[in-house]
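S.K.: The following block contains the structure, expressed as structure tokens.
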Amino acid sequence: MIHFDPMYFVFIAPAFVLALWAQGRTKAAYAAASQVPARLSGAAAARHLLDSAGLQDVGIEAIPGELTDHYDPSHRVLRLSQGVYGERTMAAVGIAAHEAGHALQHAKNYSPLMIRNLAVPAANFGGGLGGLMVIGGAMLNFPALLWAGIAAFSAVVFFQLINLPVEFDASNRAKAQLVSYDIVPQQEMSHVNSVLNAAAWTYVAGTLQSIMILLYYVWRFAGSSNR
């Protein structure tokens with residue numbers, strides 16, 4: 001039988017606490033850097049970085065929401081939230097440059113990004129159905145389904161792990177190029193660094209959470225399936 005298990009929360013508690021801290025730190029850093037003016041808007045800074053790399057064909061679009069910024073490799077477009085697209089702040093420039101970093105990775109066939117993109121369908125499947133397959137296999141005493149669910153959810157862990165170097169590299173590219181093209185003076189980079197460094201912790205927290213959930217599945221269900 002499947003019932004409430006306090007050990008689940010024991011497993012995920014470290015990741016949950018880290019995620020709360022990272023989200024709070026990111027919002028605080030974003031709010032502080034949003035008060036510091038920059039020479040260009042987020043969209044203009046991203047356009048400058050893309051054009052300098054010969055990526056005039058990569059588009060930039062404004063989208064609703066806050067911190068919803070992302071690069072869409074299938075359509076080759078940067079989608080920037082309204083607070084980033086048109087604002088001339090250090091927060092906007094840093095985030096826009098980070099997303100431009102993903103476009104540069106794509107153009108250069110950066111291996112971790114290519115692997116991450118290939119892993120998306122499996123990660124989506126594992127995140128949506130992996131847990132249900134694990135629980136269903138345990139309830140039905142069907143080890144094959146249980147282990148298939150664990151394998152499916154492992155794709156989520158793999159995606160999160162390969163996503164870390166992708167995100168860290170995009171931030172490193174952004175920091176270097178903002179200074180190199182004199183978009184942000186070196187002495188003012190602390191504002192950009194605070195935003196990007198804080199955001200990096202949210203990816204670490206997400207990775208830790210997926211790992212701990214997988215370990216819980218193995219600990220809670222896999223052992224009983226072998227008895």
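Just remember, in the structure tokens the first chain shown is A, the second B, etc., residues are 1-based per chain, and ligands are 1-based in the order shown.
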Please provide the set of residues having any atom within 12 Å of range 124-133 of chain A, restricted to only C-alpha atoms, with same-chain residues fewer than 2 positions apart removed, written as a PDB file with all heavy atoms, in the first residue's frame.
M.R.:
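around_28.pdb was written with the following content:
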ATOM      1  N   ILE A   2       0.406   2.320  -0.666  1.00  0.00           N
ATOM      2  CA  ILE A   2       1.099   3.596  -0.673  1.00  0.00           C
ATOM      3  C   ILE A   2       0.421   4.504   0.348  1.00  0.00           C
ATOM      4  O   ILE A   2      -0.800   4.663   0.349  1.00  0.00           O
ATOM      5  CB  ILE A   2       1.048   4.245  -2.070  1.00  0.00           C
ATOM      6  CG1 ILE A   2       1.646   3.292  -3.111  1.00  0.00           C
ATOM      7  CG2 ILE A   2       1.790   5.558  -2.062  1.00  0.00           C
ATOM      8  CD1 ILE A   2       3.075   2.910  -2.866  1.00  0.00           C
ATOM      9  N   ARG A 116      21.832  18.633 -23.738  1.00  0.00           N
ATOM     10  CA  ARG A 116      20.651  19.040 -22.979  1.00  0.00           C
ATOM     11  C   ARG A 116      19.421  19.115 -23.875  1.00  0.00           C
ATOM     12  O   ARG A 116      18.341  18.642 -23.504  1.00  0.00           O
ATOM     13  CB  ARG A 116      20.886  20.398 -22.314  1.00  0.00           C
ATOM     14  CG  ARG A 116      19.773  20.791 -21.348  1.00  0.00           C
ATOM     15  CD  ARG A 116      19.868  22.245 -20.934  1.00  0.00           C
ATOM     16  NE  ARG A 116      19.482  23.163 -22.017  1.00  0.00           N
ATOM     17  CZ  ARG A 116      19.286  24.466 -21.839  1.00  0.00           C
ATOM     18  NH1 ARG A 116      19.467  25.010 -20.656  1.00  0.00           N
ATOM     19  NH2 ARG A 116      18.937  25.233 -22.852  1.00  0.00           N
ATOM     20  N   ASN A 117      19.569  19.692 -25.054  1.00  0.00           N
ATOM     21  CA  ASN A 117      18.428  19.819 -25.962  1.00  0.00           C
ATOM     22  C   ASN A 117      17.903  18.450 -26.381  1.00  0.00           C
ATOM     23  O   ASN A 117      16.686  18.251 -26.495  1.00  0.00           O
ATOM     24  CB  ASN A 117      18.825  20.636 -27.188  1.00  0.00           C
ATOM     25  CG  ASN A 117      19.059  22.103 -26.859  1.00  0.00           C
ATOM     26  OD1 ASN A 117      18.682  22.581 -25.801  1.00  0.00           O
ATOM     27  ND2 ASN A 117      19.713  22.812 -27.765  1.00  0.00           N
ATOM     28  N   LEU A 118      18.822  17.506 -26.604  1.00  0.00           N
ATOM     29  CA  LEU A 118      18.400  16.151 -26.968  1.00  0.00           C
ATOM     30  C   LEU A 118      17.687  15.449 -25.816  1.00  0.00           C
ATOM     31  O   LEU A 118      16.842  14.577 -26.036  1.00  0.00           O
ATOM     32  CB  LEU A 118      19.616  15.328 -27.403  1.00  0.00           C
ATOM     33  CG  LEU A 118      20.276  15.728 -28.729  1.00  0.00           C
ATOM     34  CD1 LEU A 118      21.557  14.928 -28.947  1.00  0.00           C
ATOM     35  CD2 LEU A 118      19.319  15.522 -29.899  1.00  0.00           C
ATOM     36  N   ALA A 119      18.031  15.835 -24.598  1.00  0.00           N
ATOM     37  CA  ALA A 119      17.459  15.177 -23.415  1.00  0.00           C
ATOM     38  C   ALA A 119      16.094  15.730 -23.033  1.00  0.00           C
ATOM     39  O   ALA A 119      15.424  15.154 -22.170  1.00  0.00           O
ATOM     40  CB  ALA A 119      18.415  15.314 -22.233  1.00  0.00           C
ATOM     41  N   VAL A 120      15.659  16.824 -23.649  1.00  0.00           N
ATOM     42  CA  VAL A 120      14.402  17.466 -23.247  1.00  0.00           C
ATOM     43  C   VAL A 120      13.197  16.528 -23.344  1.00  0.00           C
ATOM     44  O   VAL A 120      12.407  16.435 -22.392  1.00  0.00           O
ATOM     45  CB  VAL A 120      14.168  18.758 -24.065  1.00  0.00           C
ATOM     46  CG1 VAL A 120      12.738  19.263 -23.894  1.00  0.00           C
ATOM     47  CG2 VAL A 120      15.146  19.835 -23.628  1.00  0.00           C
ATOM     48  N   PRO A 121      12.970  15.813 -24.464  1.00  0.00           N
ATOM     49  CA  PRO A 121      11.782  14.944 -24.527  1.00  0.00           C
ATOM     50  C   PRO A 121      11.772  13.879 -23.431  1.00  0.00           C
ATOM     51  O   PRO A 121      10.729  13.638 -22.808  1.00  0.00           O
ATOM     52  CB  PRO A 121      11.890  14.309 -25.920  1.00  0.00           C
ATOM     53  CG  PRO A 121      12.714  15.269 -26.714  1.00  0.00           C
ATOM     54  CD  PRO A 121      13.714  15.814 -25.745  1.00  0.00           C
ATOM     55  N   ALA A 122      12.910  13.243 -23.186  1.00  0.00           N
ATOM     56  CA  ALA A 122      12.967  12.214 -22.151  1.00  0.00           C
ATOM     57  C   ALA A 122      12.739  12.809 -20.769  1.00  0.00           C
ATOM     58  O   ALA A 122      12.060  12.217 -19.923  1.00  0.00           O
ATOM     59  CB  ALA A 122      14.321  11.496 -22.198  1.00  0.00           C
ATOM     60  N   ILE A 135       5.021   4.775  -8.486  1.00  0.00           N
ATOM     61  CA  ILE A 135       3.968   4.500  -7.504  1.00  0.00           C
ATOM     62  C   ILE A 135       3.028   3.413  -8.006  1.00  0.00           C
ATOM     63  O   ILE A 135       2.634   2.508  -7.252  1.00  0.00           O
ATOM     64  CB  ILE A 135       3.192   5.794  -7.207  1.00  0.00           C
ATOM     65  CG1 ILE A 135       4.114   6.807  -6.509  1.00  0.00           C
ATOM     66  CG2 ILE A 135       1.977   5.506  -6.328  1.00  0.00           C
ATOM     67  CD1 ILE A 135       3.503   8.177  -6.328  1.00  0.00           C
ATOM     68  N   GLY A 136       2.685   3.461  -9.300  1.00  0.00           N
ATOM     69  CA  GLY A 136       1.825   2.427  -9.864  1.00  0.00           C
ATOM     70  C   GLY A 136       2.471   1.054  -9.806  1.00  0.00           C
ATOM     71  O   GLY A 136       1.817   0.055  -9.470  1.00  0.00           O
ATOM     72  N   GLY A 137       3.770   1.005 -10.106  1.00  0.00           N
ATOM     73  CA  GLY A 137       4.469  -0.272 -10.034  1.00  0.00           C
ATOM     74  C   GLY A 137       4.509  -0.824  -8.627  1.00  0.00           C
ATOM     75  O   GLY A 137       4.387  -2.044  -8.418  1.00  0.00           O
ATOM     76  N   ALA A 138       4.666   0.055  -7.634  1.00  0.00           N
ATOM     77  CA  ALA A 138       4.682  -0.387  -6.240  1.00  0.00           C
ATOM     78  C   ALA A 138       3.302  -0.857  -5.795  1.00  0.00           C
ATOM     79  O   ALA A 138       3.160  -1.892  -5.122  1.00  0.00           O
ATOM     80  CB  ALA A 138       5.175   0.741  -5.341  1.00  0.00           C
ATOM     81  N   MET A 139       2.255  -0.116  -6.157  1.00  0.00           N
ATOM     82  CA  MET A 139       0.895  -0.484  -5.759  1.00  0.00           C
ATOM     83  C   MET A 139       0.447  -1.789  -6.393  1.00  0.00           C
ATOM     84  O   MET A 139      -0.238  -2.604  -5.751  1.00  0.00           O
ATOM     85  CB  MET A 139      -0.073   0.643  -6.141  1.00  0.00           C
ATOM     86  CG  MET A 139       0.104   1.927  -5.346  1.00  0.00           C
ATOM     87  SD  MET A 139      -1.090   3.200  -5.842  1.00  0.00           S
ATOM     88  CE  MET A 139      -2.633   2.418  -5.339  1.00  0.00           C
ATOM     89  N   LEU A 140       0.820  -1.992  -7.647  1.00  0.00           N
ATOM     90  CA  LEU A 140       0.397  -3.195  -8.377  1.00  0.00           C
ATOM     91  C   LEU A 140       1.359  -4.357  -8.198  1.00  0.00           C
ATOM     92  O   LEU A 140       1.145  -5.420  -8.785  1.00  0.00           O
ATOM     93  CB  LEU A 140       0.269  -2.857  -9.867  1.00  0.00           C
ATOM     94  CG  LEU A 140      -0.754  -1.777 -10.229  1.00  0.00           C
ATOM     95  CD1 LEU A 140      -0.661  -1.433 -11.703  1.00  0.00           C
ATOM     96  CD2 LEU A 140      -2.167  -2.226  -9.869  1.00  0.00           C
ATOM     97  N   ASN A 141       2.421  -4.122  -7.407  1.00  0.00           N
ATOM     98  CA  ASN A 141       3.460  -5.137  -7.237  1.00  0.00           C
ATOM     99  C   ASN A 141       3.996  -5.581  -8.603  1.00  0.00           C
ATOM    100  O   ASN A 141       4.097  -6.777  -8.908  1.00  0.00           O
ATOM    101  CB  ASN A 141       2.930  -6.342  -6.448  1.00  0.00           C
ATOM    102  CG  ASN A 141       4.064  -7.255  -5.985  1.00  0.00           C
ATOM    103  OD1 ASN A 141       5.207  -6.821  -5.831  1.00  0.00           O
ATOM    104  ND2 ASN A 141       3.755  -8.526  -5.774  1.00  0.00           N
ATOM    105  N   PHE A 142       4.327  -4.590  -9.417  1.00  0.00           N
ATOM    106  CA  PHE A 142       4.768  -4.798 -10.802  1.00  0.00           C
ATOM    107  C   PHE A 142       6.172  -4.204 -10.923  1.00  0.00           C
ATOM    108  O   PHE A 142       6.344  -3.052 -11.322  1.00  0.00           O
ATOM    109  CB  PHE A 142       3.783  -4.120 -11.743  1.00  0.00           C
ATOM    110  CG  PHE A 142       3.974  -4.435 -13.198  1.00  0.00           C
ATOM    111  CD1 PHE A 142       4.976  -5.307 -13.647  1.00  0.00           C
ATOM    112  CD2 PHE A 142       3.146  -3.850 -14.148  1.00  0.00           C
ATOM    113  CE1 PHE A 142       5.138  -5.577 -14.978  1.00  0.00           C
ATOM    114  CE2 PHE A 142       3.307  -4.112 -15.494  1.00  0.00           C
ATOM    115  CZ  PHE A 142       4.302  -4.981 -15.908  1.00  0.00           C
ATOM    116  N   PRO A 143       7.206  -4.991 -10.568  1.00  0.00           N
ATOM    117  CA  PRO A 143       8.570  -4.447 -10.540  1.00  0.00           C
ATOM    118  C   PRO A 143       9.031  -3.836 -11.859  1.00  0.00           C
ATOM    119  O   PRO A 143       9.760  -2.846 -11.852  1.00  0.00           O
ATOM    120  CB  PRO A 143       9.419  -5.673 -10.164  1.00  0.00           C
ATOM    121  CG  PRO A 143       8.485  -6.572  -9.429  1.00  0.00           C
ATOM    122  CD  PRO A 143       7.151  -6.389 -10.095  1.00  0.00           C
ATOM    123  N   ALA A 144       8.609  -4.418 -12.973  1.00  0.00           N
ATOM    124  CA  ALA A 144       9.051  -3.888 -14.266  1.00  0.00           C
ATOM    125  C   ALA A 144       8.573  -2.453 -14.462  1.00  0.00           C
ATOM    126  O   ALA A 144       9.328  -1.586 -14.936  1.00  0.00           O
ATOM    127  CB  ALA A 144       8.540  -4.771 -15.406  1.00  0.00           C
ATOM    128  N   LEU A 145       7.325  -2.167 -14.079  1.00  0.00           N
ATOM    129  CA  LEU A 145       6.795  -0.815 -14.202  1.00  0.00           C
ATOM    130  C   LEU A 145       7.501   0.122 -13.234  1.00  0.00           C
ATOM    131  O   LEU A 145       7.814   1.267 -13.575  1.00  0.00           O
ATOM    132  CB  LEU A 145       5.290  -0.819 -13.927  1.00  0.00           C
ATOM    133  CG  LEU A 145       4.581   0.540 -14.001  1.00  0.00           C
ATOM    134  CD1 LEU A 145       4.714   1.137 -15.401  1.00  0.00           C
ATOM    135  CD2 LEU A 145       3.106   0.391 -13.621  1.00  0.00           C
ATOM    136  N   LEU A 146       7.757  -0.372 -12.021  1.00  0.00           N
ATOM    137  CA  LEU A 146       8.444   0.443 -11.021  1.00  0.00           C
ATOM    138  C   LEU A 146       9.823   0.860 -11.515  1.00  0.00           C
ATOM    139  O   LEU A 146      10.191   2.038 -11.452  1.00  0.00           O
ATOM    140  CB  LEU A 146       8.542  -0.349  -9.713  1.00  0.00           C
ATOM    141  CG  LEU A 146       9.049   0.389  -8.470  1.00  0.00           C
ATOM    142  CD1 LEU A 146       8.502  -0.276  -7.214  1.00  0.00           C
ATOM    143  CD2 LEU A 146      10.571   0.403  -8.404  1.00  0.00           C
ATOM    144  N   TRP A 147      10.589  -0.111 -11.998  1.00  0.00           N
ATOM    145  CA  TRP A 147      11.940   0.206 -12.467  1.00  0.00           C
ATOM    146  C   TRP A 147      11.918   1.058 -13.734  1.00  0.00           C
ATOM    147  O   TRP A 147      12.802   1.891 -13.949  1.00  0.00           O
ATOM    148  CB  TRP A 147      12.730  -1.072 -12.698  1.00  0.00           C
ATOM    149  CG  TRP A 147      13.231  -1.653 -11.418  1.00  0.00           C
ATOM    150  CD1 TRP A 147      12.770  -2.751 -10.753  1.00  0.00           C
ATOM    151  CD2 TRP A 147      14.297  -1.128 -10.614  1.00  0.00           C
ATOM    152  NE1 TRP A 147      13.473  -2.953  -9.586  1.00  0.00           N
ATOM    153  CE2 TRP A 147      14.413  -1.973  -9.472  1.00  0.00           C
ATOM    154  CE3 TRP A 147      15.146  -0.032 -10.727  1.00  0.00           C
ATOM    155  CZ2 TRP A 147      15.356  -1.745  -8.485  1.00  0.00           C
ATOM    156  CZ3 TRP A 147      16.086   0.194  -9.738  1.00  0.00           C
ATOM    157  CH2 TRP A 147      16.186  -0.654  -8.632  1.00  0.00           C
ATOM    158  N   ALA A 148      10.881   0.871 -14.568  1.00  0.00           N
ATOM    159  CA  ALA A 148      10.741   1.732 -15.742  1.00  0.00           C
ATOM    160  C   ALA A 148      10.490   3.175 -15.310  1.00  0.00           C
ATOM    161  O   ALA A 148      11.010   4.128 -15.918  1.00  0.00           O
ATOM    162  CB  ALA A 148       9.598   1.241 -16.627  1.00  0.00           C
ATOM    163  N   GLY A 149       9.702   3.355 -14.244  1.00  0.00           N
ATOM    164  CA  GLY A 149       9.452   4.696 -13.720  1.00  0.00           C
ATOM    165  C   GLY A 149      10.709   5.327 -13.160  1.00  0.00           C
ATOM    166  O   GLY A 149      10.970   6.520 -13.368  1.00  0.00           O
ATOM    167  N   ILE A 150      11.500   4.546 -12.443  1.00  0.00           N
ATOM    168  CA  ILE A 150      12.758   5.057 -11.907  1.00  0.00           C
ATOM    169  C   ILE A 150      13.700   5.449 -13.039  1.00  0.00           C
ATOM    170  O   ILE A 150      14.360   6.495 -12.991  1.00  0.00           O
ATOM    171  CB  ILE A 150      13.411   4.011 -10.977  1.00  0.00           C
ATOM    172  CG1 ILE A 150      12.601   3.888  -9.683  1.00  0.00           C
ATOM    173  CG2 ILE A 150      14.862   4.376 -10.669  1.00  0.00           C
ATOM    174  CD1 ILE A 150      13.100   2.823  -8.732  1.00  0.00           C
ATOM    175  N   ALA A 151      13.752   4.618 -14.071  1.00  0.00           N
ATOM    176  CA  ALA A 151      14.601   4.938 -15.226  1.00  0.00           C
ATOM    177  C   ALA A 151      14.109   6.203 -15.921  1.00  0.00           C
ATOM    178  O   ALA A 151      14.910   7.051 -16.330  1.00  0.00           O
ATOM    179  CB  ALA A 151      14.602   3.773 -16.208  1.00  0.00           C
ATOM    180  N   ALA A 152      12.780   6.356 -16.024  1.00  0.00           N
ATOM    181  CA  ALA A 152      12.229   7.548 -16.668  1.00  0.00           C
ATOM    182  C   ALA A 152      12.564   8.796 -15.862  1.00  0.00           C
ATOM    183  O   ALA A 152      12.959   9.823 -16.423  1.00  0.00           O
ATOM    184  CB  ALA A 152      10.713   7.406 -16.821  1.00  0.00           C
ATOM    185  N   PHE A 153      12.432   8.711 -14.543  1.00  0.00           N
ATOM    186  CA  PHE A 153      12.736   9.884 -13.723  1.00  0.00           C
ATOM    187  C   PHE A 153      14.237  10.165 -13.717  1.00  0.00           C
ATOM    188  O   PHE A 153      14.648  11.314 -13.514  1.00  0.00           O
ATOM    189  CB  PHE A 153      12.228   9.699 -12.290  1.00  0.00           C
ATOM    190  CG  PHE A 153      12.226  10.985 -11.507  1.00  0.00           C
ATOM    191  CD1 PHE A 153      11.194  11.889 -11.646  1.00  0.00           C
ATOM    192  CD2 PHE A 153      13.284  11.297 -10.671  1.00  0.00           C
ATOM    193  CE1 PHE A 153      11.204  13.094 -10.949  1.00  0.00           C
ATOM    194  CE2 PHE A 153      13.303  12.499  -9.970  1.00  0.00           C
ATOM    195  CZ  PHE A 153      12.268  13.401 -10.112  1.00  0.00           C
ATOM    196  N   SER A 154      15.050   9.158 -13.953  1.00  0.00           N
ATOM    197  CA  SER A 154      16.498   9.379 -14.040  1.00  0.00           C
ATOM    198  C   SER A 154      16.834  10.343 -15.166  1.00  0.00           C
ATOM    199  O   SER A 154      17.848  11.054 -15.105  1.00  0.00           O
ATOM    200  CB  SER A 154      17.228   8.055 -14.258  1.00  0.00           C
ATOM    201  OG  SER A 154      17.057   7.182 -13.153  1.00  0.00           O
ATOM    202  N   ALA A 155      15.982  10.387 -16.197  1.00  0.00           N
ATOM    203  CA  ALA A 155      16.208  11.325 -17.296  1.00  0.00           C
ATOM    204  C   ALA A 155      16.086  12.765 -16.814  1.00  0.00           C
ATOM    205  O   ALA A 155      16.769  13.660 -17.324  1.00  0.00           O
ATOM    206  CB  ALA A 155      15.212  11.060 -18.428  1.00  0.00           C
ATOM    207  N   VAL A 156      15.228  12.993 -15.821  1.00  0.00           N
ATOM    208  CA  VAL A 156      15.095  14.335 -15.244  1.00  0.00           C
ATOM    209  C   VAL A 156      16.399  14.722 -14.541  1.00  0.00           C
ATOM    210  O   VAL A 156      16.888  15.848 -14.673  1.00  0.00           O
ATOM    211  CB  VAL A 156      13.923  14.391 -14.251  1.00  0.00           C
ATOM    212  CG1 VAL A 156      13.825  15.765 -13.602  1.00  0.00           C
ATOM    213  CG2 VAL A 156      12.618  14.027 -14.948  1.00  0.00           C
ATOM    214  N   VAL A 157      16.938  13.773 -13.770  1.00  0.00           N
ATOM    215  CA  VAL A 157      18.198  14.025 -13.060  1.00  0.00           C
ATOM    216  C   VAL A 157      19.315  14.298 -14.052  1.00  0.00           C
ATOM    217  O   VAL A 157      20.106  15.236 -13.874  1.00  0.00           O
ATOM    218  CB  VAL A 157      18.555  12.826 -12.162  1.00  0.00           C
ATOM    219  CG1 VAL A 157      19.916  13.043 -11.499  1.00  0.00           C
ATOM    220  CG2 VAL A 157      17.481  12.621 -11.101  1.00  0.00           C
ATOM    221  N   PHE A 158      19.377  13.507 -15.113  1.00  0.00           N
ATOM    222  CA  PHE A 158      20.412  13.713 -16.130  1.00  0.00           C
ATOM    223  C   PHE A 158      20.279  15.096 -16.749  1.00  0.00           C
ATOM    224  O   PHE A 158      21.277  15.809 -16.929  1.00  0.00           O
ATOM    225  CB  PHE A 158      20.305  12.649 -17.213  1.00  0.00           C
ATOM    226  CG  PHE A 158      21.276  12.844 -18.346  1.00  0.00           C
ATOM    227  CD1 PHE A 158      22.599  12.477 -18.206  1.00  0.00           C
ATOM    228  CD2 PHE A 158      20.863  13.422 -19.543  1.00  0.00           C
ATOM    229  CE1 PHE A 158      23.515  12.671 -19.241  1.00  0.00           C
ATOM    230  CE2 PHE A 158      21.767  13.620 -20.584  1.00  0.00           C
ATOM    231  CZ  PHE A 158      23.084  13.243 -20.419  1.00  0.00           C
ATOM    232  N   PHE A 159      19.044  15.485 -17.074  1.00  0.00           N
ATOM    233  CA  PHE A 159      18.817  16.801 -17.674  1.00  0.00           C
ATOM    234  C   PHE A 159      19.290  17.897 -16.733  1.00  0.00           C
ATOM    235  O   PHE A 159      19.961  18.853 -17.156  1.00  0.00           O
ATOM    236  CB  PHE A 159      17.336  16.982 -17.981  1.00  0.00           C
ATOM    237  CG  PHE A 159      16.985  18.366 -18.477  1.00  0.00           C
ATOM    238  CD1 PHE A 159      17.090  18.680 -19.821  1.00  0.00           C
ATOM    239  CD2 PHE A 159      16.574  19.353 -17.595  1.00  0.00           C
ATOM    240  CE1 PHE A 159      16.785  19.952 -20.283  1.00  0.00           C
ATOM    241  CE2 PHE A 159      16.269  20.628 -18.038  1.00  0.00           C
ATOM    242  CZ  PHE A 159      16.374  20.930 -19.384  1.00  0.00           C
ATOM    243  N   GLN A 160      18.944  17.790 -15.463  1.00  0.00           N
ATOM    244  CA  GLN A 160      19.340  18.814 -14.503  1.00  0.00           C
ATOM    245  C   GLN A 160      20.851  18.878 -14.358  1.00  0.00           C
ATOM    246  O   GLN A 160      21.427  19.972 -14.256  1.00  0.00           O
ATOM    247  CB  GLN A 160      18.692  18.531 -13.137  1.00  0.00           C
ATOM    248  CG  GLN A 160      17.179  18.666 -13.115  1.00  0.00           C
ATOM    249  CD  GLN A 160      16.723  20.113 -13.060  1.00  0.00           C
ATOM    250  OE1 GLN A 160      17.500  21.037 -13.216  1.00  0.00           O
ATOM    251  NE2 GLN A 160      15.439  20.320 -12.847  1.00  0.00           N
ATOM    252  N   SER A 210      15.858  17.062  -7.744  1.00  0.00           N
ATOM    253  CA  SER A 210      15.618  15.892  -8.599  1.00  0.00           C
ATOM    254  C   SER A 210      16.450  14.704  -8.137  1.00  0.00           C
ATOM    255  O   SER A 210      15.971  13.557  -8.160  1.00  0.00           O
ATOM    256  CB  SER A 210      15.923  16.235 -10.061  1.00  0.00           C
ATOM    257  OG  SER A 210      17.300  16.510 -10.258  1.00  0.00           O
ATOM    258  N   ILE A 213      14.792  13.237  -4.934  1.00  0.00           N
ATOM    259  CA  ILE A 213      13.562  12.503  -5.240  1.00  0.00           C
ATOM    260  C   ILE A 213      13.900  11.137  -5.825  1.00  0.00           C
ATOM    261  O   ILE A 213      13.291  10.116  -5.464  1.00  0.00           O
ATOM    262  CB  ILE A 213      12.675  13.307  -6.202  1.00  0.00           C
ATOM    263  CG1 ILE A 213      12.118  14.542  -5.496  1.00  0.00           C
ATOM    264  CG2 ILE A 213      11.530  12.447  -6.733  1.00  0.00           C
ATOM    265  CD1 ILE A 213      11.329  15.467  -6.407  1.00  0.00           C
ATOM    266  N   LEU A 214      14.876  11.094  -6.729  1.00  0.00           N
ATOM    267  CA  LEU A 214      15.285   9.810  -7.305  1.00  0.00           C
ATOM    268  C   LEU A 214      15.814   8.877  -6.227  1.00  0.00           C
ATOM    269  O   LEU A 214      15.471   7.680  -6.201  1.00  0.00           O
ATOM    270  CB  LEU A 214      16.351  10.039  -8.373  1.00  0.00           C
ATOM    271  CG  LEU A 214      16.901   8.770  -9.042  1.00  0.00           C
ATOM    272  CD1 LEU A 214      15.793   8.028  -9.779  1.00  0.00           C
ATOM    273  CD2 LEU A 214      18.049   9.109  -9.986  1.00  0.00           C
ATOM    274  N   TYR A 216      15.023   8.905  -3.128  1.00  0.00           N
ATOM    275  CA  TYR A 216      13.880   8.467  -2.322  1.00  0.00           C
ATOM    276  C   TYR A 216      13.155   7.315  -3.016  1.00  0.00           C
ATOM    277  O   TYR A 216      12.788   6.324  -2.368  1.00  0.00           O
ATOM    278  CB  TYR A 216      12.914   9.622  -2.076  1.00  0.00           C
ATOM    279  CG  TYR A 216      11.628   9.166  -1.430  1.00  0.00           C
ATOM    280  CD1 TYR A 216      11.576   8.876  -0.067  1.00  0.00           C
ATOM    281  CD2 TYR A 216      10.476   8.977  -2.193  1.00  0.00           C
ATOM    282  CE1 TYR A 216      10.403   8.420   0.521  1.00  0.00           C
ATOM    283  CE2 TYR A 216       9.299   8.529  -1.611  1.00  0.00           C
ATOM    284  CZ  TYR A 216       9.268   8.249  -0.258  1.00  0.00           C
ATOM    285  OH  TYR A 216       8.110   7.790   0.323  1.00  0.00           O
ATOM    286  N   TYR A 217      12.921   7.443  -4.312  1.00  0.00           N
ATOM    287  CA  TYR A 217      12.247   6.361  -5.039  1.00  0.00           C
ATOM    288  C   TYR A 217      13.009   5.056  -4.898  1.00  0.00           C
ATOM    289  O   TYR A 217      12.411   3.989  -4.654  1.00  0.00           O
ATOM    290  CB  TYR A 217      12.123   6.720  -6.526  1.00  0.00           C
ATOM    291  CG  TYR A 217      11.082   7.766  -6.845  1.00  0.00           C
ATOM    292  CD1 TYR A 217      11.197   8.542  -8.003  1.00  0.00           C
ATOM    293  CD2 TYR A 217      10.001   7.989  -6.017  1.00  0.00           C
ATOM    294  CE1 TYR A 217      10.244   9.501  -8.321  1.00  0.00           C
ATOM    295  CE2 TYR A 217       9.048   8.953  -6.320  1.00  0.00           C
ATOM    296  CZ  TYR A 217       9.174   9.704  -7.483  1.00  0.00           C
ATOM    297  OH  TYR A 217       8.239  10.657  -7.791  1.00  0.00           O
ATOM    298  N   VAL A 218      14.309   5.127  -5.060  1.00  0.00           N
ATOM    299  CA  VAL A 218      15.132   3.916  -4.950  1.00  0.00           C
ATOM    300  C   VAL A 218      15.058   3.359  -3.536  1.00  0.00           C
ATOM    301  O   VAL A 218      14.871   2.158  -3.330  1.00  0.00           O
ATOM    302  CB  VAL A 218      16.589   4.216  -5.352  1.00  0.00           C
ATOM    303  CG1 VAL A 218      17.475   3.002  -5.089  1.00  0.00           C
ATOM    304  CG2 VAL A 218      16.662   4.622  -6.821  1.00  0.00           C
ATOM    305  N   PHE A 221      11.005   2.358  -2.714  1.00  0.00           N
ATOM    306  CA  PHE A 221      10.283   1.380  -3.505  1.00  0.00           C
ATOM    307  C   PHE A 221      11.144   0.256  -4.076  1.00  0.00           C
ATOM    308  O   PHE A 221      10.718  -0.884  -4.146  1.00  0.00           O
ATOM    309  CB  PHE A 221       9.541   2.063  -4.666  1.00  0.00           C
ATOM    310  CG  PHE A 221       8.543   3.075  -4.215  1.00  0.00           C
ATOM    311  CD1 PHE A 221       8.688   4.417  -4.519  1.00  0.00           C
ATOM    312  CD2 PHE A 221       7.422   2.686  -3.494  1.00  0.00           C
ATOM    313  CE1 PHE A 221       7.767   5.358  -4.099  1.00  0.00           C
ATOM    314  CE2 PHE A 221       6.485   3.607  -3.075  1.00  0.00           C
ATOM    315  CZ  PHE A 221       6.660   4.951  -3.386  1.00  0.00           C
TER     316      PHE A 221
END
S.K.: Mind the document's chain letters and residue numbers, and return as a list in words the residues of range 41-188 of chain A that DSSP labels strand (DSSP E or B).
M.R.: Gly59, Ile60, Glu61, Ala62, Ile63, His70, Tyr71, Asp72, Val77, Leu78, Arg79, Leu80, Ser81 and Thr89 of chain A
S.K.: So the first atom is CA of Glu188 in chain A and the second is CA of Gly94 in chain A; what is the distance between them in Å, to one decimal place?
M.R.: 11.5 Å
S.K.: Please report as a Markdown table every residue of range 80-146 of chain A lying within 12 Å of range 198-206 of chain A, along with the nearest atom pair and their distance in Å (one decimal), using only C-alpha atoms.
M.R.:
| residue | atom | partner | partner_atom | distance |
| --- | --- | --- | --- | --- |
| A:Ala91 | CA | A:Ala199 | CA | 11.4 |
| A:Gly94 | CA | A:Ala199 | CA | 10.9 |
| A:Ile95 | CA | A:Ala199 | CA | 9.5 |
| A:His98 | CA | A:Ala199 | CA | 10.6 |
S.K.: Deliver the residues from the most recent selection as a file, using N, CA and C atoms, as an mmCIF file, in the first residue's frame.
M.R.:
data_model
loop_
_atom_site.group_PDB
_atom_site.id
_atom_site.type_symbol
_atom_site.label_atom_id
_atom_site.label_comp_id
_atom_site.auth_asym_id
_atom_site.auth_seq_id
_atom_site.Cartn_x
_atom_site.Cartn_y
_atom_site.Cartn_z
ATOM 1 N N ALA A 91 20.274 44.863 -13.918
ATOM 2 C CA ALA A 91 19.569 43.585 -13.872
ATOM 3 C C ALA A 91 19.141 43.163 -15.273
ATOM 4 N N GLY A 94 22.216 42.224 -17.471
ATOM 5 C CA GLY A 94 22.824 40.949 -17.073
ATOM 6 C C GLY A 94 22.011 39.758 -17.524
ATOM 7 N N ILE A 95 20.705 39.814 -17.314
ATOM 8 C CA ILE A 95 19.847 38.692 -17.698
ATOM 9 C C ILE A 95 19.792 38.535 -19.208
ATOM 10 N N HIS A 98 22.920 36.959 -20.411
ATOM 11 C CA HIS A 98 22.930 35.524 -20.110
ATOM 12 C C HIS A 98 22.178 34.745 -21.188
#
